[in-house]
Structure formats: structure tokens, C-alpha cells
>>> print(open('target00.pdb').read())   # PDB, C-alpha atoms, pLDDT in the B column
ATOM      1  CA  MET A   1     -36.916  15.013 -22.185  1.00 73.00           C
ATOM      2  CA  PRO A   2     -37.942  17.377 -19.375  1.00 78.00           C
ATOM      3  CA  GLN A   3     -35.667  20.370 -18.891  1.00 82.00           C
ATOM      4  CA  TYR A   4     -33.678  20.755 -15.677  1.00 79.00           C
ATOM      5  CA  GLU A   5     -35.017  23.350 -13.292  1.00 80.00           C
ATOM      6  CA  SER A   6     -32.935  24.605 -10.386  1.00 79.00           C
ATOM      7  CA  LEU A   7     -34.505  24.464  -6.947  1.00 81.00           C
ATOM      8  CA  ILE A   8     -32.517  27.551  -5.892  1.00 77.00           C
ATOM      9  CA  PRO A   9     -34.562  30.678  -6.479  1.00 78.00           C
ATOM     10  CA  LYS A  10     -33.005  33.086  -8.951  1.00 79.00           C
ATOM     11  CA  ALA A  11     -31.874  36.452  -7.684  1.00 74.00           C
ATOM     12  CA  SER A  12     -33.356  39.560  -9.167  1.00 78.00           C
ATOM     13  CA  GLY A  13     -32.933  43.274  -8.989  1.00 80.00           C
ATOM     14  CA  VAL A  14     -30.129  44.658  -6.837  1.00 81.00           C
ATOM     15  CA  ARG A  15     -29.349  41.195  -5.471  1.00 79.00           C
ATOM     16  CA  ALA A  16     -28.622  39.879  -8.943  1.00 79.00           C
ATOM     17  CA  LEU A  17     -26.478  42.938  -9.659  1.00 79.00           C
ATOM     18  CA  LEU A  18     -24.334  42.424  -6.543  1.00 79.00           C
ATOM     19  CA  ALA A  19     -24.081  38.639  -6.870  1.00 77.00           C
ATOM     20  CA  PRO A  20     -20.657  38.686  -8.648  1.00 76.00           C
ATOM     21  CA  VAL A  21     -19.287  40.978  -5.935  1.00 76.00           C
ATOM     22  CA  GLY A  22     -20.508  38.569  -3.273  1.00 76.00           C
ATOM     23  CA  GLY A  23     -18.570  35.771  -4.928  1.00 76.00           C
ATOM     24  CA  PHE A  24     -15.365  37.737  -4.392  1.00 83.00           C
ATOM     25  CA  GLY A  25     -16.258  38.599  -0.817  1.00 80.00           C
ATOM     26  CA  VAL A  26     -13.473  36.526   0.732  1.00 78.00           C
ATOM     27  CA  THR A  27     -10.928  37.959  -1.686  1.00 83.00           C
ATOM     28  CA  LEU A  28     -12.010  41.545  -1.147  1.00 81.00           C
ATOM     29  CA  SER A  29     -12.113  41.190   2.638  1.00 82.00           C
ATOM     30  CA  ASN A  30      -8.519  39.897   2.724  1.00 83.00           C
ATOM     31  CA  MET A  31      -7.133  42.577   0.422  1.00 83.00           C
ATOM     32  CA  PHE A  32      -7.096  45.107   3.236  1.00 83.00           C
ATOM     33  CA  ARG A  33      -5.762  42.823   5.977  1.00 84.00           C
ATOM     34  CA  LYS A  34      -2.169  42.649   7.140  1.00 83.00           C
ATOM     35  CA  THR A  35      -0.167  40.034   5.246  1.00 78.00           C
ATOM     36  CA  VAL A  36       0.977  36.966   7.181  1.00 79.00           C
ATOM     37  CA  THR A  37       3.727  35.857   4.807  1.00 81.00           C
ATOM     38  CA  GLU A  38       6.738  34.496   6.687  1.00 81.00           C
ATOM     39  CA  GLN A  39       9.874  36.324   5.576  1.00 81.00           C
ATOM     40  CA  TYR A  40      12.078  33.240   5.545  1.00 81.00           C
ATOM     41  CA  PRO A  41      15.077  33.090   5.771  1.00 79.00           C
ATOM     42  CA  ARG A  42      15.224  36.695   7.028  1.00 80.00           C
ATOM     43  CA  GLU A  43      12.856  35.759   9.847  1.00 80.00           C
ATOM     44  CA  THR A  44      12.464  32.273  11.270  1.00 82.00           C
ATOM     45  CA  VAL A  45       9.273  31.140  12.978  1.00 84.00           C
ATOM     46  CA  PRO A  46       9.536  28.420  15.659  1.00 87.00           C
ATOM     47  CA  THR A  47       7.992  25.099  14.689  1.00 89.00           C
ATOM     48  CA  LYS A  48       5.403  23.246  16.732  1.00 89.00           C
ATOM     49  CA  PRO A  49       6.773  21.116  19.602  1.00 88.00           C
ATOM     50  CA  ARG A  50       5.838  17.838  17.876  1.00 89.00           C
ATOM     51  CA  TYR A  51       7.106  18.850  14.439  1.00 92.00           C
ATOM     52  CA  HIS A  52       8.732  15.989  12.499  1.00 93.00           C
ATOM     53  CA  GLY A  53      12.177  17.248  11.533  1.00 93.00           C
ATOM     54  CA  ARG A  54      15.665  15.780  11.295  1.00 94.00           C
ATOM     55  CA  HIS A  55      16.237  12.512  13.143  1.00 96.00           C
ATOM     56  CA  GLN A  56      18.424  12.046  16.199  1.00 96.00           C
ATOM     57  CA  LEU A  57      20.043   8.962  17.737  1.00 96.00           C
ATOM     58  CA  ASN A  58      19.827   9.375  21.500  1.00 96.00           C
ATOM     59  CA  ARG A  59      22.159   8.323  24.308  1.00 96.00           C
ATOM     60  CA  TYR A  60      21.762   7.118  27.873  1.00 96.00           C
ATOM     61  CA  ALA A  61      22.807   9.278  30.802  1.00 95.00           C
ATOM     62  CA  ASP A  62      26.294   7.733  30.966  1.00 95.00           C
ATOM     63  CA  GLY A  63      26.966   8.255  27.252  1.00 95.00           C
ATOM     64  CA  LEU A  64      26.194   4.793  25.863  1.00 97.00           C
ATOM     65  CA  GLU A  65      24.092   4.724  22.703  1.00 96.00           C
ATOM     66  CA  LYS A  66      20.464   3.653  22.825  1.00 96.00           C
ATOM     67  CA  CYS A  67      20.477   2.110  19.343  1.00 96.00           C
ATOM     68  CA  ILE A  68      20.810  -1.693  19.455  1.00 95.00           C
ATOM     69  CA  GLY A  69      20.879  -2.227  15.686  1.00 94.00           C
ATOM     70  CA  CYS A  70      17.571  -4.120  15.563  1.00 94.00           C
ATOM     71  CA  GLU A  71      16.720  -2.590  12.140  1.00 95.00           C
ATOM     72  CA  LEU A  72      13.028  -2.220  13.014  1.00 96.00           C
ATOM     73  CA  CYS A  73      13.175   1.410  11.897  1.00 96.00           C
ATOM     74  CA  ALA A  74      14.457   0.319   8.487  1.00 96.00           C
ATOM     75  CA  TRP A  75      11.698  -2.285   8.186  1.00 96.00           C
ATOM     76  CA  ALA A  76       9.015   0.260   9.127  1.00 96.00           C
ATOM     77  CA  CYS A  77      10.225   2.938   6.696  1.00 97.00           C
ATOM     78  CA  PRO A  78       7.799   3.074   3.725  1.00 96.00           C
ATOM     79  CA  ALA A  79      10.316   4.992   1.599  1.00 96.00           C
ATOM     80  CA  ASP A  80      13.280   2.665   2.231  1.00 95.00           C
ATOM     81  CA  ALA A  81      15.282   5.667   3.427  1.00 96.00           C
ATOM     82  CA  ILE A  82      17.022   4.009   6.411  1.00 97.00           C
ATOM     83  CA  TYR A  83      19.919   1.569   6.289  1.00 97.00           C
ATOM     84  CA  VAL A  84      21.253  -0.119   9.438  1.00 97.00           C
ATOM     85  CA  GLU A  85      24.026  -2.613  10.107  1.00 96.00           C
ATOM     86  CA  ALA A  86      24.481  -4.106  13.573  1.00 96.00           C
ATOM     87  CA  SER A  87      27.646  -5.364  15.262  1.00 96.00           C
ATOM     88  CA  ASP A  88      28.346  -7.191  18.515  1.00 96.00           C
ATOM     89  CA  ASN A  89      29.489  -5.357  21.615  1.00 95.00           C
ATOM     90  CA  THR A  90      32.735  -6.614  23.127  1.00 94.00           C
ATOM     91  CA  PRO A  91      34.367  -5.958  26.514  1.00 91.00           C
ATOM     92  CA  ASP A  92      36.837  -3.610  24.818  1.00 92.00           C
ATOM     93  CA  ALA A  93      34.209  -1.942  22.609  1.00 94.00           C
ATOM     94  CA  GLN A  94      30.890  -1.526  24.416  1.00 96.00           C
ATOM     95  CA  PHE A  95      28.839   1.060  22.546  1.00 96.00           C
ATOM     96  CA  SER A  96      25.347   0.268  23.864  1.00 96.00           C
ATOM     97  CA  PRO A  97      23.783  -1.813  26.653  1.00 95.00           C
ATOM     98  CA  GLY A  98      23.221  -5.439  25.760  1.00 89.00           C
ATOM     99  CA  GLU A  99      24.733  -7.528  23.012  1.00 93.00           C
ATOM    100  CA  ARG A 100      24.558  -5.410  19.847  1.00 95.00           C
ATOM    101  CA  PHE A 101      24.758  -1.832  18.620  1.00 96.00           C
ATOM    102  CA  GLY A 102      24.193  -0.014  15.363  1.00 95.00           C
ATOM    103  CA  SER A 103      27.633   0.181  13.764  1.00 96.00           C
ATOM    104  CA  VAL A 104      26.278   1.667  10.505  1.00 96.00           C
ATOM    105  CA  TYR A 105      23.287   3.962  10.447  1.00 97.00           C
ATOM    106  CA  GLN A 106      22.264   5.989   7.403  1.00 96.00           C
ATOM    107  CA  ILE A 107      19.209   8.071   6.546  1.00 97.00           C
ATOM    108  CA  ASN A 108      18.728   9.230   2.975  1.00 96.00           C
ATOM    109  CA  TYR A 109      16.903  12.555   3.199  1.00 95.00           C
ATOM    110  CA  LEU A 110      16.239  12.513  -0.527  1.00 94.00           C
ATOM    111  CA  ARG A 111      13.814   9.658   0.178  1.00 94.00           C
ATOM    112  CA  CYS A 112      12.595  10.402   3.701  1.00 95.00           C
ATOM    113  CA  ILE A 113       8.963  11.568   3.862  1.00 95.00           C
ATOM    114  CA  PHE A 114       9.128  12.446   7.600  1.00 95.00           C
ATOM    115  CA  CYS A 115       6.149  10.232   8.422  1.00 94.00           C
ATOM    116  CA  GLY A 116       7.493   9.234  11.856  1.00 94.00           C
ATOM    117  CA  LEU A 117       6.848   5.493  11.480  1.00 96.00           C
ATOM    118  CA  CYS A 118      10.517   4.787  12.229  1.00 96.00           C
ATOM    119  CA  ILE A 119      10.410   6.401  15.653  1.00 95.00           C
ATOM    120  CA  GLU A 120       7.230   4.513  16.533  1.00 96.00           C
ATOM    121  CA  ALA A 121       8.931   1.226  15.652  1.00 96.00           C
ATOM    122  CA  CYS A 122      12.042   1.868  17.776  1.00 96.00           C
ATOM    123  CA  PRO A 123      11.861  -0.330  20.926  1.00 94.00           C
ATOM    124  CA  THR A 124      14.424   1.663  22.943  1.00 94.00           C
ATOM    125  CA  ARG A 125      13.442   5.227  21.972  1.00 94.00           C
ATOM    126  CA  ALA A 126      16.863   5.509  20.386  1.00 96.00           C
ATOM    127  CA  LEU A 127      15.494   7.283  17.318  1.00 96.00           C
ATOM    128  CA  THR A 128      13.480  10.472  17.685  1.00 96.00           C
ATOM    129  CA  MET A 129      12.778  13.467  15.467  1.00 95.00           C
ATOM    130  CA  THR A 130      13.924  16.998  16.228  1.00 94.00           C
ATOM    131  CA  ASN A 131      12.484  20.358  15.183  1.00 92.00           C
ATOM    132  CA  GLU A 132      15.268  20.997  12.672  1.00 91.00           C
ATOM    133  CA  PHE A 133      13.834  21.425   9.181  1.00 91.00           C
ATOM    134  CA  GLU A 134      16.627  23.174   7.275  1.00 88.00           C
ATOM    135  CA  LEU A 135      17.916  20.244   5.228  1.00 86.00           C
ATOM    136  CA  ALA A 136      19.393  21.273   1.903  1.00 80.00           C
ATOM    137  CA  GLY A 137      22.644  20.857   0.066  1.00 78.00           C
ATOM    138  CA  PRO A 138      24.335  21.042  -3.324  1.00 82.00           C
ATOM    139  CA  THR A 139      24.998  17.301  -3.770  1.00 86.00           C
ATOM    140  CA  ARG A 140      22.921  14.136  -3.556  1.00 89.00           C
ATOM    141  CA  ALA A 141      25.589  12.327  -1.544  1.00 89.00           C
ATOM    142  CA  GLY A 142      25.508  15.111   1.016  1.00 88.00           C
ATOM    143  CA  MET A 143      21.866  14.354   1.797  1.00 92.00           C
ATOM    144  CA  ILE A 144      22.746  10.919   3.195  1.00 94.00           C
ATOM    145  CA  TYR A 145      23.371  11.373   6.901  1.00 95.00           C
ATOM    146  CA  GLU A 146      25.682   8.922   8.648  1.00 94.00           C
ATOM    147  CA  LYS A 147      25.623   7.786  12.270  1.00 95.00           C
ATOM    148  CA  ASP A 148      28.039  10.521  13.388  1.00 94.00           C
ATOM    149  CA  ASP A 149      25.712  13.131  11.900  1.00 93.00           C
ATOM    150  CA  LEU A 150      22.660  11.766  13.715  1.00 95.00           C
ATOM    151  CA  LEU A 151      24.066  11.063  17.193  1.00 95.00           C
ATOM    152  CA  ALA A 152      22.835  13.389  19.920  1.00 94.00           C
ATOM    153  CA  PRO A 153      25.488  15.681  21.417  1.00 92.00           C
ATOM    154  CA  LEU A 154      27.162  14.535  24.628  1.00 92.00           C
ATOM    155  CA  ARG A 155      25.751  16.368  27.618  1.00 90.00           C
ATOM    156  CA  ASP A 156      27.787  17.486  30.606  1.00 88.00           C
ATOM    157  CA  GLY A 157      29.065  14.491  32.551  1.00 89.00           C
ATOM    158  CA  MET A 158      28.561  11.929  29.776  1.00 94.00           C
ATOM    159  CA  LEU A 159      31.458   9.760  28.629  1.00 95.00           C
ATOM    160  CA  ALA A 160      32.004   9.134  24.961  1.00 94.00           C
ATOM    161  CA  ALA A 161      31.476   5.500  23.949  1.00 94.00           C
ATOM    162  CA  PRO A 162      32.865   2.897  23.976  1.00 95.00           C
ATOM    163  CA  HIS A 163      33.082   2.103  27.662  1.00 96.00           C
ATOM    164  CA  PRO A 164      31.636  -0.612  29.946  1.00 96.00           C
ATOM    165  CA  MET A 165      28.107  -0.529  31.309  1.00 96.00           C
ATOM    166  CA  VAL A 166      27.460   0.612  34.849  1.00 96.00           C
ATOM    167  CA  GLU A 167      28.731  -2.165  37.097  1.00 95.00           C
ATOM    168  CA  GLY A 168      26.079  -4.601  38.283  1.00 93.00           C
ATOM    169  CA  THR A 169      23.483  -3.567  35.684  1.00 94.00           C
ATOM    170  CA  THR A 170      21.941  -5.111  32.584  1.00 93.00           C
ATOM    171  CA  ASP A 171      20.200  -3.573  29.628  1.00 92.00           C
ATOM    172  CA  THR A 172      16.939  -3.762  31.621  1.00 94.00           C
ATOM    173  CA  GLU A 173      18.125  -1.156  34.125  1.00 95.00           C
ATOM    174  CA  TYR A 174      19.130   1.096  31.249  1.00 96.00           C
ATOM    175  CA  TYR A 175      15.749   0.791  29.546  1.00 93.00           C
ATOM    176  CA  ARG A 176      13.977   1.575  32.813  1.00 94.00           C
ATOM    177  CA  GLY A 177      15.963   4.782  33.230  1.00 93.00           C
ATOM    178  CA  GLU A 178      17.706   3.664  36.411  1.00 95.00           C
ATOM    179  CA  VAL A 179      21.133   4.737  35.119  1.00 95.00           C
ATOM    180  CA  THR A 180      21.510   8.422  35.867  1.00 94.00           C
ATOM    181  CA  GLY A 181      25.132   9.021  34.912  1.00 94.00           C
ATOM    182  CA  PRO A 182      28.628   7.543  34.590  1.00 95.00           C
ATOM    183  CA  THR A 183      30.333   5.975  37.581  1.00 95.00           C
ATOM    184  CA  ASP A 184      33.902   6.201  38.854  1.00 95.00           C
ATOM    185  CA  ALA A 185      34.610   2.721  37.483  1.00 95.00           C
ATOM    186  CA  GLN A 186      33.548   3.805  33.987  1.00 96.00           C
ATOM    187  CA  ARG A 187      35.694   6.922  34.195  1.00 95.00           C
ATOM    188  CA  ALA A 188      38.649   4.843  35.342  1.00 95.00           C
ATOM    189  CA  TRP A 189      38.197   2.488  32.359  1.00 96.00           C
ATOM    190  CA  VAL A 190      38.116   5.389  29.889  1.00 95.00           C
ATOM    191  CA  ARG A 191      41.089   7.008  31.628  1.00 95.00           C
ATOM    192  CA  GLU A 192      43.067   3.765  31.238  1.00 95.00           C
ATOM    193  CA  HIS A 193      42.192   3.093  27.606  1.00 94.00           C
ATOM    194  CA  ARG A 194      41.831   6.682  26.347  1.00 94.00           C
ATOM    195  CA  PRO A 195      43.756   8.995  28.679  1.00 93.00           C
ATOM    196  CA  ASP A 196      43.360  11.936  26.299  1.00 93.00           C
ATOM    197  CA  ASP A 197      39.579  11.582  25.982  1.00 93.00           C
ATOM    198  CA  PRO A 198      38.113  15.127  26.149  1.00 93.00           C
ATOM    199  CA  THR A 199      34.911  13.892  27.831  1.00 93.00           C
ATOM    200  CA  LEU A 200      36.759  12.910  31.020  1.00 93.00           C
ATOM    201  CA  PRO A 201      36.296  15.264  33.990  1.00 91.00           C
ATOM    202  CA  GLU A 202      39.849  16.543  33.538  1.00 89.00           C
ATOM    203  CA  GLY A 203      39.400  16.813  29.752  1.00 88.00           C
ATOM    204  CA  ALA A 204      38.712  19.989  27.828  1.00 83.00           C
ATOM    205  CA  GLY A 205      35.362  18.753  26.552  1.00 84.00           C
ATOM    206  CA  LEU A 206      34.090  18.563  23.007  1.00 82.00           C
ATOM    207  CA  THR A 207      33.414  21.750  21.100  1.00 80.00           C
ATOM    208  CA  ALA A 208      30.170  22.293  19.207  1.00 76.00           C
ATOM    209  CA  ALA A 209      31.968  21.606  15.926  1.00 73.00           C
ATOM    210  CA  GLU A 210      33.327  18.304  17.222  1.00 76.00           C
ATOM    211  CA  GLN A 211      29.854  17.161  18.288  1.00 81.00           C
ATOM    212  CA  VAL A 212      28.552  17.193  14.712  1.00 80.00           C
ATOM    213  CA  GLY A 213      29.419  14.728  11.966  1.00 84.00           C
ATOM    214  CA  PRO A 214      31.057  15.883   8.714  1.00 83.00           C
ATOM    215  CA  THR A 215      27.909  15.720   6.583  1.00 84.00           C
ATOM    216  CA  ALA A 216      25.801  17.614   9.111  1.00 83.00           C
ATOM    217  CA  ALA A 217      28.572  20.199   9.482  1.00 83.00           C
ATOM    218  CA  VAL A 218      28.624  20.856   5.718  1.00 81.00           C
ATOM    219  CA  MET A 219      24.836  21.156   5.633  1.00 79.00           C
ATOM    220  CA  ALA A 220      24.877  23.571   8.561  1.00 79.00           C
ATOM    221  CA  GLU A 221      27.391  25.736   6.717  1.00 81.00           C
ATOM    222  CA  HIS A 222      25.188  25.809   3.609  1.00 76.00           C
ATOM    223  CA  VAL A 223      22.151  26.748   5.689  1.00 77.00           C
ATOM    224  CA  ALA A 224      24.130  29.509   7.423  1.00 79.00           C
ATOM    225  CA  GLY A 225      25.208  30.809   4.025  1.00 78.00           C
ATOM    226  CA  ALA A 226      21.587  30.848   2.850  1.00 72.00           C
ATOM    227  CA  HIS A 227      20.623  32.854   5.929  1.00 74.00           C
ATOM    228  CA  ARG A 228      23.387  35.358   5.285  1.00 73.00           C
ATOM    229  CA  GLN A 229      22.339  35.700   1.667  1.00 69.00           C
ATOM    230  CA  GLY A 230      18.677  36.010   2.577  1.00 64.00           C
ATOM    231  CA  GLY A 231      19.425  38.689   5.130  1.00 60.00           C
ATOM    232  CA  VAL A 232      20.927  41.022   2.476  1.00 49.00           C
ATOM    233  CA  ARG A 233      18.389  43.253   0.765  1.00 45.00           C
TER     234      ARG A 233
END
>>> encode(input="target00.pdb", output="C-alpha cells")
Amino acid sequence: MPQYESLIPKASGVRALLAPVGGFGVTLSNMFRKTVTEQYPRETVPTKPRYHGRHQLNRYADGLEKCIGCELCAWACPADAIYVEASDNTPDAQFSPGERFGSVYQINYLRCIFCGLCIEACPTRALTMTNEFELAGPTRAGMIYEKDDLLAPLRDGMLAAPHPMVEGTTDTEYYRGEVTGPTDAQRAWVREHRPDDPTLPEGAGLTAAEQVGPTAAVMAEHVAGAHRQGGVR
């Protein structure tokens, strides 16, 4: 059998002597550069704008929920991390435009792979992903976020659901973005059925702690504790 002969010419002399050093060229050149290690959690670096972080269930401008309980996000999830149950809207309990809303919504962050297929499947843009990445906790049950933990905070002027849709509109006007805020008729309905509602104009408003569900609140406390611990040298 003929012996193998390399087509690459062999180095000789000084070149052969310095060949091992050349192999470590990248290593040696980086030894004297400034380190770029992120000192987390002492220092936090902003994520990219399109980073896939914790999910969020969005609302319309008047406070109604965008989720219609279609379960397409659950069907699209390759990790089976999303569970949805839908219920019918009624005149006394209108949570979203149209006929149905997501009464139960759970995301298991022990399974979620943050691929983003769920938000692509959502027909109403109810489900999006935020830049929040600090998801950790001491229990497995605490990693299952409920609907209250995922709902977007109520902005100024929004009314907490349930309440009727804007008079004279259908779900089509909502999807097109033609609803820009609550009307006097909606405020009057909430004032009649929930006179102590804090989201009314005369109400005190919801605090930041009241905007977050119990599971998300516990996780936020654990993350804050980790930051405090990481900040101590």
C-alpha cells in the first residue's frame, strides 16, 4: 500500500520552531485584552429589543383582554408548556371582544424553550414575549405562571375587566385598533356594578404590587433577593 503524503509543505528552521506558538496565537492575543465577563447579578446588561423572554397577555385600550381562548398557542407549542381553557362571554361578564375569552391560561416555564412559535400562532396578538429573563424559583409549582401573572398591567385610563364592549362596535373594530380607550358608558357600567373599582377615574388606582399575580410576585421577590445577595462582596 502506498504511504500517505501530505500536500502541505513541512515547515523547517525557525518556522518549525515557532509553529506551536502560532497555534496559541488567539489565546496569547486575548490574554492581555480587557475581560468582557458580565458581572451578573451585580451588573445587568440590557437585552436586545427582540429578545424572547417571559410571556405577556395584552389588553385593548379600554382594558378588555385580547385573548379569545382559541388555544392556537397551545397547539403550536412544541414543548407542551401552555394550557388554555376558554369560556363564553356574557353581558354581565365580558372579558374580551367577541364570544369567548381565556378563563384559564397557564405557562409552565420548566418546559418552555422560548422558541416564540406561540406568539406567531396568536391571531389577535394577545400573546407576546417581553425582555424579562430572570425566571427562577425554589419550587416546581412556582414556575407555572397563571393568567393573573401573565396579564399586562393596566395603563392609565383603562378599566379592569369585565365590562361591556364599546357601544356600537364588534370584535372587528377592536382587532383593527379603532378602539382608543374606554367610553363614558363603560365607566358608568363599572360604576354601577363595581362602585369601589380602583380603575375608575375617581378610584385610587392599582398599585404595582396589585398589578402582578401571586406567582409572579413571589418570583420577583426571589430575584430581588438574588440581586441583593449578589451585590454583597
>>> resolve_selection(input="target00.pdb", expression="the PyMOL selection byres ((chain A and resi 121) around 9)", output="ChimeraX atom specification")
/A:72-73,75-76,116-120,122-123,125
>>> residues_around(input="target00.pdb", residues="A:Thr47", least_positions_apart="2", cutoff="12 Å", atoms="all atoms listed in the file", output="PDB file with C-alpha atoms, in the frame of the given file")
ATOM      1  CA  THR A  44      12.464  32.273  11.270  1.00 82.00           C
ATOM      2  CA  VAL A  45       9.273  31.140  12.978  1.00 84.00           C
ATOM      3  CA  PRO A  49       6.773  21.116  19.602  1.00 88.00           C
ATOM      4  CA  ARG A  50       5.838  17.838  17.876  1.00 89.00           C
ATOM      5  CA  TYR A  51       7.106  18.850  14.439  1.00 92.00           C
ATOM      6  CA  HIS A  52       8.732  15.989  12.499  1.00 93.00           C
ATOM      7  CA  GLY A  53      12.177  17.248  11.533  1.00 93.00           C
ATOM      8  CA  THR A 130      13.924  16.998  16.228  1.00 94.00           C
ATOM      9  CA  ASN A 131      12.484  20.358  15.183  1.00 92.00           C
ATOM     10  CA  GLU A 132      15.268  20.997  12.672  1.00 91.00           C
ATOM     11  CA  PHE A 133      13.834  21.425   9.181  1.00 91.00           C
ATOM     12  CA  GLU A 134      16.627  23.174   7.275  1.00 88.00           C
TER      13      GLU A 134
END
>>> closest_atom_pairs(input="target00.pdb", of="stretch 152-178 of chain A", to="stretch 81-100 of chain A", cutoff="7 Å", atoms="only C-alpha atoms", output="Markdown table")
| residue | atom | partner | partner_atom | distance |
| --- | --- | --- | --- | --- |
| A:Ala161 | CA | A:Phe95 | CA | 5.4 |
| A:Pro162 | CA | A:Phe95 | CA | 4.7 |
| A:His163 | CA | A:Gln94 | CA | 5.3 |
| A:Pro164 | CA | A:Gln94 | CA | 5.7 |
| A:Met165 | CA | A:Pro97 | CA | 6.5 |
| A:Thr170 | CA | A:Gly98 | CA | 7.0 |
| A:Asp171 | CA | A:Pro97 | CA | 5.0 |
>>> write_last_selection(input="target00.pdb", atoms="C-alpha atoms", output="compact mmCIF listing (two decimals), keeping the file's coordinate frame")
# COMPACT_ATOMS: atom_id res chain seq x y z
CA ALA A 161 31.48 5.50 23.95
CA PRO A 162 32.86 2.90 23.98
CA HIS A 163 33.08 2.10 27.66
CA PRO A 164 31.64 -0.61 29.95
CA MET A 165 28.11 -0.53 31.31
CA THR A 170 21.94 -5.11 32.58
CA ASP A 171 20.20 -3.57 29.63
>>> resolve_selection(input="target00.pdb", expression="the PyMOL selection byres ((chain A and resi 59) around 9)", output="PyMOL selection string")
chain A and resi 57-58+60-67+96+126+151-154
>>> atom_distance(input="target00.pdb", atom1="atom CA of A:Arg187", atom2="atom CA of A:Tyr174")
17.8 Å
>>> closest_residue(input="target00.pdb", among="A:Ala74, A:Val212, A:Thr199, A:Phe24", to="A:Met158", atoms="only C-alpha atoms")
A:Thr199
>>> closest_residue(input="target00.pdb", among="A:Ala208, A:Leu110, A:Val223, A:Ala136", to="A:Asp80", atoms="all atoms listed in the file")
A:Leu110
>>> residues_near_point(input="target00.pdb", point="(20.4, -4.8, 18.1)", cutoff="6 Å", atoms="all atoms listed in the file", output="list in words")
Ile68, Gly69, Cys70, Arg100 and Phe101 of chain A
>>> atom_distance(input="target00.pdb", atom1="atom CA of A:Asn30", atom2="atom CA of A:Lys10")
28.0 Å
>>> resolve_selection(input="target00.pdb", expression="the PyMOL selection byres ((chain A and resi 205) around 12)", output="ChimeraX atom specification")
/A:153-160,196-204,206-211
>>> build_atoms(input="target00.pdb", residues="stretch 22-37 of chain A", atoms="N, CA and C atoms", output="PDB file, keeping the file's coordinate frame")
ATOM      1  N   GLY A  22     -20.446  39.473  -4.410  1.00 76.00           N
ATOM      2  CA  GLY A  22     -20.508  38.569  -3.273  1.00 76.00           C
ATOM      3  C   GLY A  22     -19.624  37.357  -3.448  1.00 76.00           C
ATOM      4  N   GLY A  23     -19.443  36.910  -4.689  1.00 76.00           N
ATOM      5  CA  GLY A  23     -18.570  35.771  -4.928  1.00 76.00           C
ATOM      6  C   GLY A  23     -17.112  36.067  -4.623  1.00 76.00           C
ATOM      7  N   PHE A  24     -16.730  37.326  -4.718  1.00 83.00           N
ATOM      8  CA  PHE A  24     -15.365  37.737  -4.392  1.00 83.00           C
ATOM      9  C   PHE A  24     -15.265  38.320  -2.990  1.00 83.00           C
ATOM     10  N   GLY A  25     -16.236  38.024  -2.153  1.00 80.00           N
ATOM     11  CA  GLY A  25     -16.258  38.599  -0.817  1.00 80.00           C
ATOM     12  C   GLY A  25     -15.044  38.239   0.004  1.00 80.00           C
ATOM     13  N   VAL A  26     -14.642  36.962  -0.040  1.00 78.00           N
ATOM     14  CA  VAL A  26     -13.473  36.526   0.732  1.00 78.00           C
ATOM     15  C   VAL A  26     -12.211  37.218   0.217  1.00 78.00           C
ATOM     16  N   THR A  27     -12.107  37.315  -1.106  1.00 83.00           N
ATOM     17  CA  THR A  27     -10.928  37.959  -1.686  1.00 83.00           C
ATOM     18  C   THR A  27     -10.860  39.435  -1.315  1.00 83.00           C
ATOM     19  N   LEU A  28     -11.990  40.115  -1.444  1.00 81.00           N
ATOM     20  CA  LEU A  28     -12.010  41.545  -1.147  1.00 81.00           C
ATOM     21  C   LEU A  28     -11.774  41.818   0.334  1.00 81.00           C
ATOM     22  N   SER A  29     -12.292  40.964   1.197  1.00 82.00           N
ATOM     23  CA  SER A  29     -12.113  41.190   2.638  1.00 82.00           C
ATOM     24  C   SER A  29     -10.670  40.991   3.070  1.00 82.00           C
ATOM     25  N   ASN A  30      -9.910  40.143   2.358  1.00 83.00           N
ATOM     26  CA  ASN A  30      -8.519  39.897   2.724  1.00 83.00           C
ATOM     27  C   ASN A  30      -7.549  40.868   2.072  1.00 83.00           C
ATOM     28  N   MET A  31      -8.023  41.647   1.100  1.00 83.00           N
ATOM     29  CA  MET A  31      -7.133  42.577   0.422  1.00 83.00           C
ATOM     30  C   MET A  31      -6.648  43.678   1.353  1.00 83.00           C
ATOM     31  N   PHE A  32      -7.427  43.986   2.373  1.00 83.00           N
ATOM     32  CA  PHE A  32      -7.096  45.107   3.236  1.00 83.00           C
ATOM     33  C   PHE A  32      -6.577  44.635   4.600  1.00 83.00           C
ATOM     34  N   ARG A  33      -6.320  43.338   4.736  1.00 84.00           N
ATOM     35  CA  ARG A  33      -5.762  42.823   5.977  1.00 84.00           C
ATOM     36  C   ARG A  33      -4.241  42.773   5.899  1.00 84.00           C
ATOM     37  N   LYS A  34      -3.619  42.736   7.074  1.00 83.00           N
ATOM     38  CA  LYS A  34      -2.169  42.649   7.140  1.00 83.00           C
ATOM     39  C   LYS A  34      -1.709  41.287   6.635  1.00 83.00           C
ATOM     40  N   THR A  35      -0.676  41.281   5.794  1.00 78.00           N
ATOM     41  CA  THR A  35      -0.167  40.034   5.246  1.00 78.00           C
ATOM     42  C   THR A  35       0.499  39.189   6.335  1.00 78.00           C
ATOM     43  N   VAL A  36       0.409  37.881   6.192  1.00 79.00           N
ATOM     44  CA  VAL A  36       0.977  36.966   7.181  1.00 79.00           C
ATOM     45  C   VAL A  36       2.092  36.126   6.560  1.00 79.00           C
ATOM     46  N   THR A  37       2.651  36.598   5.460  1.00 81.00           N
ATOM     47  CA  THR A  37       3.727  35.857   4.807  1.00 81.00           C
ATOM     48  C   THR A  37       4.963  35.825   5.698  1.00 81.00           C
TER      49      THR A  37
END
